[in-house]
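Notes follow once the structure below has been shown.
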Amino acid sequence: MAAVTSVFRPGLFNHKVAIVTGGGTGIGKAISSELLELGCSVVISSRKAEKLEAAAQEMRQKIPPSSPAIVTPLTCNIRSEDDVKALVSSVLNKYGRIDFLVNNGGGQFTSPAENMSSKGWNAVIDTNLTGTFHCCKEVYSAWMKQHGGVIINIIADMWKGFPGMAHTGAARSAVDNLTKSLSIEWAASGVRVNAVAPGTIFSKTAMDNYKELGPLLFTKSAKFNLAKRLGVPEEISSAVCFLLSPAASYISGATLRVDAGQSLYHSMWEVPDHNAWPQAPEGENLDALREVLNPKSKL
Ligand SMILES: CCCCCCCCC/C=C/C(=O)SCCNC(=O)CCNC(=O)[C@H](O)C(C)(C)COP(=O)(O)OP(=O)(O)OC[C@H]1O[C@@H](n2cnc3c(N)ncnc32)[C@H](O)[C@@H]1OP(=O)(O)O
Ligand SMILES: NC(=O)C1=CN([C@@H]2O[C@H](COP(=O)(O)OP(=O)(O)OC[C@H]3O[C@@H](n4cnc5c(N)ncnc54)[C@H](OP(=O)(O)O)[C@@H]3O)[C@@H](O)[C@H]2O)C=CC1
């Protein structure tokens, strides 16, 4: 299978430095690989050292000889503020700059809201909302406040709510709002802050997270968008690279939906037929409606 090649100009990000959380798998791996190809050194960061090291080895093989970029794996649990401080400090010690932050690390489990424990709810909020906040705040305070930069937050298609994953819907919606607040607060430092909201994006690692339910969730999801297929991580990466690039120099506080119209289209979640809803008030309109629904009722 041919390797995916960036549509952007080679050297576009030469000598820039990025942190990509969750950079060793799925969407983060595609983003990191494309940045490396374009000359940007990338620190890939997540909780599991072995996975990161293997991903870094694989990426090193694919960096074109023309690219000055290097890839560094560093562990960090974004839920821990101390971990995030240590990560940012290590990156500055090693590279002396941080041009880009891509807050991609995150995830959730499926569950009806009524079955979610407080611990499970908090795990998802802490990861996706608080973890993103930790990374934004630390990178800003330690570097971007004085030097500018670009931040991209990866969120999700939660625009119509997120039944079955209410915790992540709430967290990602909050990050959409956080993106706007930070873009305003940090504008005077020359920091642009944007978000990307993916539709359903297939990767083996994303699917495996849902265990035996994974193949069904992803395959079922394929028809709920205008493309009638799943997206792949490279289709998120190109949007992220665009938003990081000078081509997006007039874009901040925005969320780009990369979902083939999934958020405009109908939801996967079926509401069963039921009679539990409050009845409509009696009156001439309800009488007329009954006649339309059941013409014989007039007889
Ligand atoms: C239908 C919609 C269609 C939607 C249509 C389908 C669309 C698919 C779109 C795909 C979107 C993606 O994001 S795909 C990418 C997904 N990738 C990921 O999610 C990777 C990262 N995820 C994670 O690490 C986990 O999911 C996350 C919960 C966030 C953190 O887990 P940890 O084990 O590290 O967390 P801990 O602090 O130990 O807490 C774990 C607690 O969380 C709860 N918990 C964790 N997994 C659980 C599970 N499978 N079922 C119940 N509860 C669970 C329990 O309460 C656990 O406590 P105990 O009971 O005490 O153990
Ligand atoms: N695939 C999809 O359809 C969609 C994905 N997204 C979001 O895109 C992002 C990437 O997901 P995707 O590539 O698909 O799935 P993956 O499961 O492959 O990626 C999730 C990544 O996040 C990392 N991560 C999870 N928790 C933490 C943490 N506490 N600290 C640091 N890193 C963490 C994981 O690494 P490790 O386990 O080593 O920590 C992993 O690399 C996630 O935020 C996901 O929720 C949004 C919408 C749709």
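Order determines the names: the first chain of the structure tokens is A, the second B, and so forth; residues in each chain are numbered 1 upward, and ligands are numbered 1 upward as they are shown.
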What parts of segment 116-185 of chain A does DSSP call strand (DSSP E or B)? I'd like the answer as a list in words.
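Residues of segment 116-185 of chain A classed as strand (DSSP E or B): Gly149, Val150, Ile151, Ile152, Asn153, Ile154, Trp159, Gly161 and Met165 of chain A.
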For ligand 1, list the contacting residues at 9 Å or closer, counting only C-alpha atoms and all ligand atoms, as a PyMOL selection string.
chain A and resi 22+26-27+105-112+115-128+155-157+162-166+168+198-203+205-211+214+216-221+268-269
Residue neighbourhood Val88 of chain A, 10 Å, only C-alpha atoms, exclusion window fewer than 6 positions, as a PyMOL selection string
chain A and resi 19+43+76+94+97-98+135+138-140+142-143
Written file, previous selection with N, CA and C atoms, as a PDB file, in the first residue's frame:
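The result, written out as part.pdb:
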```pdb
ATOM      1  N   ILE A  19       3.792  19.682  19.757  1.00  0.00           N
ATOM      2  CA  ILE A  19       3.407  18.600  20.667  1.00  0.00           C
ATOM      3  C   ILE A  19       2.076  18.071  20.158  1.00  0.00           C
ATOM      4  N   VAL A  43       6.798  16.058  19.103  1.00  0.00           N
ATOM      5  CA  VAL A  43       6.826  15.285  20.337  1.00  0.00           C
ATOM      6  C   VAL A  43       5.492  14.563  20.420  1.00  0.00           C
ATOM      7  N   CYS A  76       3.058  11.117  29.059  1.00  0.00           N
ATOM      8  CA  CYS A  76       2.354  12.140  29.844  1.00  0.00           C
ATOM      9  C   CYS A  76       0.895  11.743  29.933  1.00  0.00           C
ATOM     10  N   LYS A  94      14.617  20.437  25.374  1.00  0.00           N
ATOM     11  CA  LYS A  94      15.180  19.728  24.225  1.00  0.00           C
ATOM     12  C   LYS A  94      15.209  20.587  22.962  1.00  0.00           C
ATOM     13  N   ARG A  97      11.631  25.587  21.889  1.00  0.00           N
ATOM     14  CA  ARG A  97      10.450  26.280  21.351  1.00  0.00           C
ATOM     15  C   ARG A  97       9.277  25.314  21.240  1.00  0.00           C
ATOM     16  N   ILE A  98       8.062  25.862  21.197  1.00  0.00           N
ATOM     17  CA  ILE A  98       6.853  25.055  20.906  1.00  0.00           C
ATOM     18  C   ILE A  98       5.958  25.912  20.009  1.00  0.00           C
ATOM     19  N   CYS A 135      -3.061  21.258  29.051  1.00  0.00           N
ATOM     20  CA  CYS A 135      -2.061  21.396  27.974  1.00  0.00           C
ATOM     21  C   CYS A 135      -2.052  22.813  27.404  1.00  0.00           C
ATOM     22  N   GLU A 138      -0.487  25.303  30.057  1.00  0.00           N
ATOM     23  CA  GLU A 138       0.952  25.165  30.299  1.00  0.00           C
ATOM     24  C   GLU A 138       1.774  25.614  29.092  1.00  0.00           C
ATOM     25  N   VAL A 139       1.329  25.218  27.899  1.00  0.00           N
ATOM     26  CA  VAL A 139       2.073  25.627  26.693  1.00  0.00           C
ATOM     27  C   VAL A 139       2.016  27.145  26.531  1.00  0.00           C
ATOM     28  N   TYR A 140       0.846  27.697  26.838  1.00  0.00           N
ATOM     29  CA  TYR A 140       0.713  29.170  26.736  1.00  0.00           C
ATOM     30  C   TYR A 140       1.644  29.859  27.741  1.00  0.00           C
ATOM     31  N   ALA A 142       4.222  28.799  29.439  1.00  0.00           N
ATOM     32  CA  ALA A 142       5.666  28.535  29.366  1.00  0.00           C
ATOM     33  C   ALA A 142       6.291  29.008  28.060  1.00  0.00           C
ATOM     34  N   TRP A 143       5.480  29.192  27.003  1.00  0.00           N
ATOM     35  CA  TRP A 143       6.084  29.572  25.717  1.00  0.00           C
ATOM     36  C   TRP A 143       5.243  30.542  24.881  1.00  0.00           C
TER      37      TRP A 143
END
```
Given the choices A:Phe242, A:Trp159, A:Tyr250, A:Phe13, which gets closest to ligand 2 if the distance is worked out from only C-alpha atoms and all ligand atoms?
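Distance minimum relative to ligand 2 lands on A:Trp159.
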Per DSSP on the backbone, what are the helix (DSSP H, G or I) residues of segment 48-277 of chain A, as JSON, numbers by chain?
{"A": [49, 50, 51, 52, 53, 54, 55, 56, 57, 58, 59, 60, 61, 62, 81, 82, 83, 84, 85, 86, 87, 88, 89, 90, 91, 92, 93, 94, 95, 113, 114, 115, 118, 119, 120, 121, 122, 123, 124, 125, 126, 127, 128, 129, 130, 131, 132, 133, 134, 135, 136, 137, 138, 139, 140, 141, 142, 143, 144, 145, 146, 147, 166, 167, 168, 169, 170, 171, 172, 173, 174, 175, 176, 177, 178, 179, 180, 181, 182, 183, 184, 185, 187, 188, 189, 204, 205, 206, 207, 208, 211, 212, 213, 214, 215, 216, 217, 218, 219, 220, 221, 233, 234, 235, 236, 237, 238, 239, 240, 241, 242, 243, 244, 246, 247, 248, 262, 263, 264]}
Taking only residues of segment 186-254 of chain A that have an atom at most 12 Å from an atom of segment 172-175 of chain A, what is each one's shortest atom pair and its distance in Å to one decimal, using only C-alpha atoms, in chain and number order, as a Markdown table?
```
| residue | atom | partner | partner_atom | distance |
| --- | --- | --- | --- | --- |
| A:Val193 | CA | A:Val175 | CA | 11.1 |
| A:Asn194 | CA | A:Val175 | CA | 10.1 |
| A:Ala195 | CA | A:Val175 | CA | 8.3 |
| A:Val196 | CA | A:Val175 | CA | 10.5 |
| A:Ala197 | CA | A:Arg172 | CA | 8.9 |
| A:Pro198 | CA | A:Arg172 | CA | 11.2 |
| A:Gly253 | CA | A:Val175 | CA | 11.1 |
| A:Ala254 | CA | A:Val175 | CA | 11.5 |
```
Print the selection's residues with N, CA and C atoms to a file, as a tab-separated table (two decimals), in the first residue's frame.
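result02.tsv, freshly written:
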```
chain	number	residue	atom	x	y	z
A	193	VAL	N	-6.22	29.89	18.21
A	193	VAL	CA	-6.75	28.67	18.83
A	193	VAL	C	-7.98	28.23	18.04
A	194	ASN	N	-7.92	27.05	17.48
A	194	ASN	CA	-9.05	26.52	16.70
A	194	ASN	C	-9.32	25.08	17.11
A	195	ALA	N	-10.45	24.55	16.66
A	195	ALA	CA	-10.78	23.15	16.94
A	195	ALA	C	-11.17	22.45	15.64
A	196	VAL	N	-11.01	21.14	15.66
A	196	VAL	CA	-11.47	20.30	14.56
A	196	VAL	C	-12.42	19.27	15.15
A	197	ALA	N	-13.59	19.15	14.55
A	197	ALA	CA	-14.60	18.20	15.05
A	197	ALA	C	-14.76	17.07	14.04
A	198	PRO	N	-14.12	15.93	14.28
A	198	PRO	CA	-14.21	14.83	13.31
A	198	PRO	C	-15.56	14.12	13.37
A	253	GLY	N	-10.55	30.86	16.83
A	253	GLY	CA	-11.81	30.71	17.56
A	253	GLY	C	-12.83	29.88	16.80
A	254	ALA	N	-12.39	29.23	15.72
A	254	ALA	CA	-13.31	28.49	14.87
A	254	ALA	C	-13.23	26.99	15.15
```
List the spatial neighbours of segment 180-183 of chain A as a PyMOL selection string - criterion: any atom at most 7 Å away, only C-alpha atoms, same-chain residues fewer than 2 positions off excluded.
chain A and resi 176-178+185-187+192-193+252-253
Any chance you could tabulate, as a tab-separated table, the residues of segment 256-286 of chain A at most 7 Å from segment 225-239 of chain A with each one's nearest atom pair and distance in Å to one decimal, using only C-alpha atoms, in chain and rising number order?
```
residue	atom	partner	partner_atom	distance
A:Val258	CA	A:Ile236	CA	6.7
A:Ala260	CA	A:Leu226	CA	5.5
A:Gly261	CA	A:Leu226	CA	5.5
A:Gln262	CA	A:Asn225	CA	4.1
A:Tyr265	CA	A:Asn225	CA	6.2
```
From atom CA of Ala30 of chain A to atom CA of Lys85 of chain A the spacing works out at 25.1 Å
Here is a test: counting only C-alpha atoms and all ligand atoms, which residue of A:Asn14, A:Gln61, A:Asn104, A:Ser89 is nearest to ligand 2?
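The closest residue to ligand 2 is A:Asn104.
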Just the number, please: distance in Å from atom CA of Phe8 of chain A to atom CA of Ala55 of chain A, one decimal.
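That distance, rounded to one decimal, is 22.7 Å.
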